[in-house]
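Asker: Contents are compact mmCIF, C-alpha atoms and all ligand atoms; file name entry08.txt:
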```txt
# COMPACT_ATOMS: atom_id res chain seq x y z
CA MET A 1 11.88 13.70 7.53
CA SER A 2 11.12 12.59 3.97
CA ILE A 3 7.79 14.29 3.44
CA GLU A 4 6.15 16.91 5.58
CA VAL A 5 2.80 18.39 4.61
CA LYS A 6 1.40 21.31 6.60
CA ASN A 7 -2.15 22.58 6.22
CA ILE A 8 -2.29 22.11 2.45
CA SER A 9 -5.45 23.09 0.62
CA LYS A 10 -6.02 23.01 -3.11
CA LEU A 11 -8.83 24.68 -5.00
CA TYR A 12 -9.70 23.95 -8.61
CA LYS A 13 -11.81 27.02 -9.40
CA ASP A 14 -14.37 26.82 -6.57
CA GLN A 15 -13.95 23.10 -5.90
CA LYS A 16 -11.86 22.17 -2.88
CA ALA A 17 -9.84 19.06 -3.81
CA LEU A 18 -7.71 19.19 -0.65
CA ASN A 19 -8.88 20.71 2.60
CA ASN A 20 -6.24 21.59 5.19
CA ILE A 21 -4.20 18.38 4.95
CA SER A 22 -1.24 17.67 7.24
CA PHE A 23 0.90 14.54 7.58
CA LYS A 24 4.49 13.35 7.74
CA VAL A 25 6.34 10.45 6.16
CA ASN A 26 9.51 9.27 7.88
CA ASP A 27 12.65 8.03 6.15
CA ALA A 28 12.59 4.51 4.72
CA GLU A 29 8.89 3.96 5.33
CA ILE A 30 6.44 2.57 2.80
CA VAL A 31 3.31 4.61 3.31
CA GLY A 32 0.02 3.95 1.54
CA PHE A 33 -2.15 6.93 0.63
CA LEU A 34 -5.54 5.27 0.49
CA GLY A 35 -8.80 6.79 -0.63
CA PRO A 36 -11.71 6.35 -3.04
CA ASN A 37 -11.58 7.86 -6.52
CA GLY A 38 -11.75 11.63 -6.40
CA ALA A 39 -10.47 11.81 -2.81
CA GLY A 40 -7.54 14.05 -3.78
CA LYS A 41 -4.65 11.55 -3.91
CA SER A 42 -3.26 12.54 -7.31
CA THR A 43 -3.65 16.22 -6.46
CA MET A 44 -1.54 15.78 -3.31
CA MET A 45 1.10 13.85 -5.24
CA LYS A 46 1.29 16.47 -7.99
CA ILE A 47 1.90 19.12 -5.32
CA LEU A 48 4.67 17.03 -3.73
CA THR A 49 6.36 16.50 -7.10
CA THR A 50 6.06 20.24 -7.98
CA TYR A 51 3.78 19.67 -11.01
CA ILE A 52 1.13 21.92 -9.48
CA GLU A 53 1.11 24.39 -6.60
CA ALA A 54 -1.06 24.30 -3.51
CA SER A 55 -3.56 27.10 -2.87
CA GLU A 56 -2.64 27.23 0.82
CA GLY A 57 -0.19 25.60 3.19
CA SER A 58 3.34 24.28 2.71
CA ALA A 59 5.11 21.01 2.00
CA ASN A 60 8.68 19.76 2.20
CA VAL A 61 10.20 16.79 0.45
CA ASN A 62 13.62 15.65 1.62
CA ASN A 63 13.65 18.91 3.62
CA PHE A 64 13.22 21.09 0.51
CA ASP A 65 10.22 23.36 0.09
CA VAL A 66 8.02 22.40 -2.89
CA THR A 67 7.41 26.03 -3.86
CA SER A 68 10.72 27.79 -3.23
CA GLU A 69 13.14 24.89 -3.81
CA LYS A 70 11.53 23.12 -6.76
CA LYS A 71 14.76 21.91 -8.41
CA ASN A 72 16.02 20.28 -5.22
CA VAL A 73 12.65 18.64 -4.69
CA GLN A 74 12.73 17.27 -8.23
CA LYS A 75 16.20 15.85 -7.63
CA SER A 76 14.98 14.19 -4.45
CA VAL A 77 11.86 12.60 -5.91
CA GLY A 78 11.16 9.76 -8.29
CA TYR A 79 7.59 9.99 -9.60
CA LEU A 80 5.42 7.40 -11.26
CA PRO A 81 2.33 9.28 -12.45
CA GLU A 82 -1.12 7.69 -12.43
CA HIS A 83 -1.36 7.35 -16.20
CA ASN A 84 2.29 6.63 -16.77
CA PRO A 85 2.94 8.23 -20.16
CA LEU A 86 5.35 5.94 -21.95
CA TYR A 87 6.46 6.26 -25.55
CA THR A 88 5.28 2.97 -27.00
CA ASP A 89 7.47 3.27 -30.12
CA LEU A 90 10.68 3.52 -28.15
CA TYR A 91 12.75 0.55 -27.04
CA VAL A 92 13.06 0.17 -23.26
CA ARG A 93 16.75 1.03 -23.23
CA GLU A 94 16.25 3.90 -25.68
CA TYR A 95 13.57 5.42 -23.46
CA LEU A 96 15.70 5.13 -20.33
CA ASN A 97 18.77 6.48 -22.19
CA PHE A 98 16.77 9.49 -23.27
CA ASN A 99 15.60 10.30 -19.76
CA ALA A 100 19.04 9.56 -18.33
CA ASN A 101 20.44 12.25 -20.66
CA VAL A 102 17.87 14.70 -19.35
CA TYR A 103 18.95 13.95 -15.77
CA GLY A 104 22.64 13.59 -16.64
CA THR A 105 22.64 10.01 -15.33
CA SER A 106 25.51 7.61 -16.00
CA LYS A 107 25.21 4.56 -18.29
CA SER A 108 26.01 2.25 -15.39
CA ARG A 109 23.01 3.62 -13.49
CA ILE A 110 20.76 2.70 -16.45
CA ASN A 111 21.98 -0.89 -16.27
CA LYS A 112 21.50 -0.84 -12.53
CA VAL A 113 17.83 0.25 -12.70
CA ILE A 114 17.12 -2.23 -15.50
CA GLU A 115 18.49 -4.98 -13.30
CA LEU A 116 16.77 -3.71 -10.16
CA THR A 117 13.35 -3.63 -11.80
CA GLY A 118 13.72 -7.04 -13.43
CA LEU A 119 13.70 -5.59 -16.95
CA THR A 120 16.83 -7.30 -18.23
CA PRO A 121 15.02 -9.89 -20.41
CA GLU A 122 12.73 -7.17 -21.89
CA ALA A 123 15.22 -4.32 -22.27
CA HIS A 124 15.65 -4.91 -26.02
CA LYS A 125 11.89 -4.74 -26.70
CA LYS A 126 9.67 -1.84 -27.70
CA ILE A 127 7.63 -0.46 -24.82
CA GLY A 128 4.49 -1.06 -26.92
CA GLN A 129 5.23 -4.79 -26.94
CA LEU A 130 5.33 -5.05 -23.16
CA SER A 131 2.54 -6.17 -20.83
CA LYS A 132 1.05 -3.61 -18.45
CA GLY A 133 3.11 -5.11 -15.61
CA TYR A 134 6.36 -4.64 -17.53
CA ARG A 135 5.37 -1.12 -18.55
CA GLN A 136 4.97 -0.32 -14.86
CA ARG A 137 8.48 -1.66 -14.34
CA VAL A 138 9.74 0.71 -17.02
CA GLY A 139 7.94 3.53 -15.19
CA LEU A 140 9.58 2.48 -11.93
CA ALA A 141 12.99 2.18 -13.58
CA ASN A 142 12.51 5.68 -14.96
CA ALA A 143 11.53 7.02 -11.54
CA LEU A 144 14.67 5.46 -10.06
CA LEU A 145 17.12 6.73 -12.71
CA HIS A 146 18.46 9.71 -10.77
CA ASN A 147 18.62 7.63 -7.57
CA PRO A 148 16.16 9.77 -5.61
CA GLU A 149 15.63 9.50 -1.84
CA VAL A 150 11.84 9.49 -2.11
CA LEU A 151 9.54 7.64 -4.50
CA ILE A 152 6.03 8.89 -5.14
CA LEU A 153 3.95 6.28 -6.93
CA ASP A 154 0.41 7.13 -8.02
CA GLU A 155 -1.71 3.95 -8.14
CA PRO A 156 1.25 1.78 -9.20
CA THR A 157 -0.73 -1.48 -9.15
CA THR A 158 -4.05 -0.39 -10.67
CA GLY A 159 -4.99 -2.36 -13.77
CA LEU A 160 -2.50 -5.20 -13.29
CA ASP A 161 -3.50 -8.85 -13.49
CA PRO A 162 -2.99 -10.98 -10.35
CA ASN A 163 0.46 -12.26 -11.33
CA GLN A 164 1.74 -8.85 -12.33
CA LEU A 165 0.27 -7.49 -9.13
CA ILE A 166 2.28 -9.88 -7.00
CA GLU A 167 5.48 -9.09 -8.89
CA ILE A 168 5.09 -5.31 -8.76
CA ARG A 169 4.15 -5.43 -5.07
CA SER A 170 7.27 -7.39 -4.27
CA LEU A 171 9.40 -5.06 -6.39
CA ILE A 172 8.02 -2.03 -4.54
CA LYS A 173 8.70 -3.72 -1.20
CA THR A 174 12.28 -4.37 -2.27
CA ILE A 175 12.74 -0.75 -3.35
CA GLY A 176 11.16 0.33 -0.05
CA LYS A 177 14.00 -1.28 1.90
CA GLU A 178 16.31 1.50 0.71
CA LYS A 179 14.02 4.38 -0.11
CA THR A 180 11.01 6.18 1.25
CA VAL A 181 7.96 5.15 -0.75
CA PHE A 182 4.70 7.10 -0.75
CA LEU A 183 2.16 5.28 -2.90
CA SER A 184 -1.50 5.88 -3.56
CA THR A 185 -4.23 3.34 -4.12
CA HIS A 186 -7.99 3.01 -3.81
CA ILE A 187 -7.64 -0.67 -2.91
CA MET A 188 -7.27 -1.61 0.76
CA GLN A 189 -5.53 -4.91 -0.01
CA GLU A 190 -2.70 -3.09 -1.75
CA VAL A 191 -1.93 -1.25 1.45
CA GLU A 192 -2.02 -4.48 3.42
CA ALA A 193 0.32 -6.15 0.96
CA MET A 194 2.96 -3.44 0.74
CA CYS A 195 2.82 -0.75 3.38
CA ASP A 196 4.10 -0.10 6.90
CA ARG A 197 1.62 2.66 7.40
CA VAL A 198 -1.63 3.95 5.90
CA ILE A 199 -2.94 7.47 5.56
CA ILE A 200 -6.59 7.40 4.58
CA ILE A 201 -7.93 10.37 2.63
CA ASN A 202 -11.58 11.08 1.92
CA LYS A 203 -13.07 14.13 0.22
CA GLY A 204 -9.81 16.03 0.51
CA GLU A 205 -9.28 15.35 4.21
CA VAL A 206 -7.06 12.95 6.13
CA VAL A 207 -9.39 10.69 8.12
CA ALA A 208 -6.89 8.14 9.48
CA ASP A 209 -3.14 7.76 9.88
CA LYS A 210 -2.11 4.41 11.31
CA TYR A 211 0.63 1.81 11.37
CA LEU A 212 -0.52 -1.47 9.85
CA LYS A 213 0.88 -3.46 12.73
CA ASP A 214 -1.40 -1.55 15.10
CA LEU A 215 -4.37 -2.12 12.83
CA ARG A 216 -3.58 -5.81 12.50
CA GLU A 217 -3.64 -6.15 16.24
CA GLY A 218 -7.13 -4.73 16.23
CA GLN A 219 -7.87 -7.08 13.41
CA GLU A 220 -7.26 -10.30 15.29
CA GLN A 221 -10.17 -12.59 15.01
CA VAL A 222 -11.80 -13.96 18.10
CA VAL A 223 -14.00 -17.05 17.85
CA ILE A 224 -16.22 -17.88 20.78
CA VAL A 225 -17.13 -21.52 21.00
CA GLU A 226 -19.06 -23.55 23.54
CA PHE A 227 -18.54 -27.31 23.61
CA ASP A 228 -20.54 -29.91 25.52
CA TYR A 229 -17.43 -31.02 27.39
CA ARG A 230 -14.14 -29.72 28.80
CA VAL A 231 -11.23 -29.33 26.36
CA GLU A 232 -7.61 -28.80 27.33
CA ASP A 233 -6.24 -25.44 26.15
CA ALA A 234 -3.20 -27.22 24.73
CA PHE A 235 -5.55 -29.14 22.47
CA LEU A 236 -7.13 -25.98 21.07
CA LEU A 237 -3.71 -24.41 20.62
CA ARG A 238 -3.12 -26.97 17.86
CA LEU A 239 -5.64 -25.20 15.62
CA PRO A 240 -4.03 -23.30 12.73
CA ASN A 241 -3.23 -19.59 13.26
CA VAL A 242 -4.07 -19.68 16.95
CA ALA A 243 -2.67 -16.80 18.98
CA SER A 244 -4.26 -17.62 22.34
CA VAL A 245 -6.99 -19.61 24.06
CA LYS A 246 -9.04 -18.57 27.06
CA ASN A 247 -11.61 -20.63 28.91
CA THR A 248 -14.07 -17.87 29.83
CA TYR A 249 -16.61 -19.95 31.79
CA GLY A 250 -18.00 -23.48 31.84
CA PHE A 251 -17.11 -25.05 28.51
CA VAL A 252 -16.95 -21.73 26.67
CA TYR A 253 -13.63 -20.83 25.01
CA GLU A 254 -12.43 -17.63 23.43
CA ILE A 255 -9.93 -18.51 20.74
CA THR A 256 -7.91 -15.69 19.20
CA PHE A 257 -6.58 -16.25 15.69
CA SER A 258 -3.99 -14.07 13.98
CA THR A 259 -5.69 -14.20 10.61
CA LYS A 260 -8.56 -12.62 8.71
CA GLU A 261 -9.64 -15.96 7.30
CA ASP A 262 -12.89 -17.13 8.85
CA MET A 263 -11.70 -19.81 11.28
CA ARG A 264 -15.10 -21.12 12.38
CA SER A 265 -15.04 -24.05 9.97
CA TYR A 266 -11.68 -25.16 11.44
CA VAL A 267 -13.21 -25.04 14.91
CA PHE A 268 -16.16 -27.01 13.63
CA ASP A 269 -13.89 -29.69 12.09
CA PHE A 270 -11.86 -29.79 15.30
CA ALA A 271 -15.02 -30.52 17.31
CA HIS A 272 -16.12 -33.16 14.84
CA ASP A 273 -12.72 -34.92 14.84
CA ASN A 274 -12.68 -34.96 18.62
CA GLU A 275 -16.27 -36.09 19.02
CA LEU A 276 -17.33 -32.88 20.71
CA LYS A 277 -20.65 -31.14 20.19
CA ILE A 278 -20.75 -27.42 19.52
CA LEU A 279 -23.44 -25.58 21.51
CA GLN A 280 -22.56 -22.12 20.17
CA LEU A 281 -20.06 -20.69 17.70
CA ASN A 282 -19.59 -16.96 17.14
CA GLN A 283 -17.00 -14.67 15.65
CA LYS A 284 -15.85 -11.22 16.70
CA ASN A 285 -14.11 -9.49 13.81
CA ALA A 286 -12.80 -5.99 13.26
CA SER A 287 -11.33 -5.85 9.80
CA LEU A 288 -9.16 -3.24 8.19
CA GLU A 289 -11.62 -3.13 5.36
CA SER A 290 -14.52 -2.21 7.59
CA LEU A 291 -12.46 0.66 9.02
CA PHE A 292 -11.87 1.93 5.49
CA ARG A 293 -15.58 1.61 4.65
CA GLU A 294 -16.62 3.31 7.83
CA LEU A 295 -14.23 6.21 7.27
CA THR A 296 -14.95 6.72 3.61
CA ASN A 297 -18.61 5.65 3.37
CA VAL A 298 -18.04 3.37 0.39
P1 LIG B 1 -7.86 10.89 -6.73
O1 LIG B 1 -6.49 10.83 -7.30
O2 LIG B 1 -7.93 10.57 -5.28
O3 LIG B 1 -8.84 10.08 -7.52
P2 LIG B 1 -7.78 13.66 -7.67
O4 LIG B 1 -6.72 14.33 -6.91
O5 LIG B 1 -7.47 13.26 -9.06
O6 LIG B 1 -8.36 12.42 -6.82
O7 LIG B 1 -9.05 14.62 -7.73
C1 LIG B 1 -9.63 15.22 -6.59
C2 LIG B 1 -10.79 16.09 -7.01
O8 LIG B 1 -10.32 17.20 -7.75
C3 LIG B 1 -11.77 15.38 -7.94
O9 LIG B 1 -13.06 15.82 -7.63
C4 LIG B 1 -11.36 15.83 -9.31
O10 LIG B 1 -12.44 15.83 -10.19
C5 LIG B 1 -10.85 17.23 -9.05
N1 LIG B 1 -9.76 17.59 -9.99
C6 LIG B 1 -8.59 16.95 -10.13
N2 LIG B 1 -7.81 17.55 -11.05
C7 LIG B 1 -8.51 18.63 -11.50
C8 LIG B 1 -8.26 19.68 -12.45
N3 LIG B 1 -7.10 19.74 -13.11
N4 LIG B 1 -9.23 20.60 -12.64
C9 LIG B 1 -10.39 20.54 -11.97
N5 LIG B 1 -10.70 19.60 -11.05
C10 LIG B 1 -9.78 18.65 -10.82
MG MG B 2 -5.73 9.70 -8.83
```
Could I get this structure in the form of structure tokens?
Answerer:
Amino acid sequence: MSIEVKNISKLYKDQKALNNISFKVNDAEIVGFLGPNGAGKSTMMKILTTYIEASEGSANVNNFDVTSEKKNVQKSVGYLPEHNPLYTDLYVREYLNFNANVYGTSKSRINKVIELTGLTPEAHKKIGQLSKGYRQRVGLANALLHNPEVLILDEPTTGLDPNQLIEIRSLIKTIGKEKTVFLSTHIMQEVEAMCDRVIIINKGEVVADKYLKDLREGQEQVVIVEFDYRVEDAFLLRLPNVASVKNTYGFVYEITFSTKEDMRSYVFDFAHDNELKILQLNQKNASLESLFRELTNV
């Protein structure tokens, strides 16, 4: 087990930031820790990385206790903090060299992480000269230096432009093939793009813990259409993203699509191209986003 959290609570003075939280993260999973701002994500991550201590409960990372086996936890974890504090005056390689010395990491490992995070063309530049996307890569390279089993990334994609976003997402997915990744975000789409599983946190409590593949199943879109004439199922199966077609009664068809994109206009065009009239056209949709909204009231 990579991460195991048992009944953790955290009080800041009289404010309860975490309230009796429990969850587990298995080896080699990419798990999204999703919640609105102030939900308690960073607090949980600081406890798991031993920066702060919980008020109640216990947590293990890589089977080490975060209170009594701090050093082993630190060796097991690579951490990218929310506001990744980088020294803008240092050159990329200088910065990584410095931290590698702290960890006692070999020179070859530095080259390895530079390569792994796609920093090779920027390694000779000052951190201050880099775009936000490349700075995040430096943060990731730094987190990977001591080759930890578990990566804890606090909002790794927040503030990136769309191109940087795509690159960092794909980098995290690549890293996630070998390591356990626990990443936080307040943006649902980030979870969809990167994670195997989502743990939703709201007001210091876990409100959902689900595999994305299970959610996606619930997210299939069903379009109900009534034509003025019979249509062969095989015909309807030619529509894009079709998963299945069912003739429910008369000339009414339930078409299931495996996409979130609104498919009604495709059905409309299909009818038009085939000289059919549409008598009714409705959509049943249960989106991941509405689950998040429902659970977090945002
Ligand atoms: P998130 O990362 O999900 O935005 P945080 O863990 O940063 O949430 O914060 C959870 C709650 O705890 C917030 O209400 C925040 O204001 C409060 N909080 C966080 N850190 C501190 C602190 N050091 N002292 C007092 N309150 C804090
Ligand atoms: Mg935070």
Asker: With only C-alpha atoms as the basis for distance, which of A:Ser265, A:Thr180, A:Asn163, A:Asn247 is at the shortest distance from Asn282 (chain A)?
Answerer: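 Nearest to Asn282 (chain A): A:Ser265.
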Asker: Each residue of chain A with at least one atom at most 9 Å from ligand LIG 1 (chain B) should appear once, together with its nearest atom pair and the corresponding distance in Å (one decimal); atoms considered: all atoms listed in the file; ordering: chain, then increasing residue number; output as JSON lines.
Answerer:
```
{"residue": "A:Lys10", "atom": "CA", "partner": "B:LIG1", "partner_atom": "O8", "distance": 8.6}
{"residue": "A:Leu11", "atom": "CA", "partner": "B:LIG1", "partner_atom": "O8", "distance": 8.1}
{"residue": "A:Tyr12", "atom": "CA", "partner": "B:LIG1", "partner_atom": "C9", "distance": 4.8}
{"residue": "A:Lys13", "atom": "CA", "partner": "B:LIG1", "partner_atom": "C9", "distance": 7.1}
{"residue": "A:Gln15", "atom": "CA", "partner": "B:LIG1", "partner_atom": "N5", "distance": 7.0}
{"residue": "A:Lys16", "atom": "CA", "partner": "B:LIG1", "partner_atom": "O8", "distance": 7.1}
{"residue": "A:Ala17", "atom": "CA", "partner": "B:LIG1", "partner_atom": "O8", "distance": 4.4}
{"residue": "A:Leu18", "atom": "CA", "partner": "B:LIG1", "partner_atom": "C1", "distance": 7.4}
{"residue": "A:Leu34", "atom": "CA", "partner": "B:LIG1", "partner_atom": "O2", "distance": 8.2}
{"residue": "A:Gly35", "atom": "CA", "partner": "B:LIG1", "partner_atom": "O2", "distance": 6.1}
{"residue": "A:Pro36", "atom": "CA", "partner": "B:LIG1", "partner_atom": "O2", "distance": 6.1}
{"residue": "A:Asn37", "atom": "CA", "partner": "B:LIG1", "partner_atom": "O3", "distance": 3.7}
{"residue": "A:Gly38", "atom": "CA", "partner": "B:LIG1", "partner_atom": "O3", "distance": 3.5}
{"residue": "A:Ala39", "atom": "CA", "partner": "B:LIG1", "partner_atom": "O2", "distance": 3.8}
{"residue": "A:Gly40", "atom": "CA", "partner": "B:LIG1", "partner_atom": "O4", "distance": 3.2}
{"residue": "A:Lys41", "atom": "CA", "partner": "B:LIG1", "partner_atom": "O2", "distance": 3.7}
{"residue": "A:Ser42", "atom": "CA", "partner": "B:LIG1", "partner_atom": "O1", "distance": 3.7}
{"residue": "A:Thr43", "atom": "CA", "partner": "B:LIG1", "partner_atom": "O4", "distance": 3.6}
{"residue": "A:Met44", "atom": "CA", "partner": "B:LIG1", "partner_atom": "O4", "distance": 6.5}
{"residue": "A:Met45", "atom": "CA", "partner": "B:LIG1", "partner_atom": "O4", "distance": 8.0}
{"residue": "A:Lys46", "atom": "CA", "partner": "B:LIG1", "partner_atom": "O4", "distance": 8.4}
{"residue": "A:Glu82", "atom": "CA", "partner": "B:LIG1", "partner_atom": "O1", "distance": 8.1}
{"residue": "A:Asp154", "atom": "CA", "partner": "B:LIG1", "partner_atom": "O1", "distance": 7.9}
{"residue": "A:Glu155", "atom": "CA", "partner": "B:LIG1", "partner_atom": "O1", "distance": 8.4}
{"residue": "A:Ser184", "atom": "CA", "partner": "B:LIG1", "partner_atom": "O1", "distance": 8.0}
{"residue": "A:Thr185", "atom": "CA", "partner": "B:LIG1", "partner_atom": "O2", "distance": 8.2}
{"residue": "A:His186", "atom": "CA", "partner": "B:LIG1", "partner_atom": "O2", "distance": 7.7}
{"residue": "A:Ile201", "atom": "CA", "partner": "B:LIG1", "partner_atom": "O2", "distance": 7.9}
{"residue": "A:Asn202", "atom": "CA", "partner": "B:LIG1", "partner_atom": "O2", "distance": 8.1}
{"residue": "A:Lys203", "atom": "CA", "partner": "B:LIG1", "partner_atom": "C1", "distance": 7.7}
{"residue": "A:Gly204", "atom": "CA", "partner": "B:LIG1", "partner_atom": "C1", "distance": 7.1}
```
Asker: From the set A:Lys126, A:Leu153, A:Pro240, A:Glu56, which residue has the shortest atom-to-atom contact distance to ligand MG 2 (chain B), counting all atoms listed in the file?
Answerer: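 Under the stated criterion, the closest residue is A:Leu153.
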Asker: If I take CA of Tyr87 (chain A) and CA of Leu119 (chain A), how far is one from the other in Å, to one decimal?
Answerer: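 Rounded to one decimal, the two atoms are 16.3 Å apart.
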Asker: Distance CA of Arg137 (chain A)-CA of Glu192 (chain A), one decimal place?
Answerer: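 According to the coordinates, CA of Arg137 (chain A) and CA of Glu192 (chain A) are separated by 20.8 Å.
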Asker: From the options A:Asn147, A:His83, A:Gln283, A:His272, which residue's atoms come nearest to ligand MG 2 (chain B), counting only C-alpha atoms and all ligand atoms?
Answerer: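 Checking each of A:Asn147, A:His83, A:Gln283, A:His272 against ligand MG 2 (chain B), counting only C-alpha atoms and all ligand atoms, the winner is A:His83.
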Asker: Mind giving me the straight-line distance from CA of Gly118 (chain A) to CA of Glu167 (chain A) in Å, one decimal?
Answerer: 9.6 Å
Asker: For Val77 (chain A), list every protein, DNA or RNA residue within 8 Å, evaluated using only C-alpha atoms, and leave out those in the same chain fewer than 2 positions away; present the list as a list in words.
Answerer: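 Near Val77 (chain A), the qualifying residues are Thr49, Val61, Val73, Gln74, Lys75, Tyr79, Ala143, Pro148, Glu149, Val150, Leu151 and Ile152 of chain A.
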Asker: So, counting only C-alpha atoms, which residue among A:Arg109, A:Met188, A:Val231, A:Lys179 is closest to Gly78 (chain A)?
Answerer: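 Looking only at the distances to Gly78 (chain A), the closest residue turns out to be A:Lys179.
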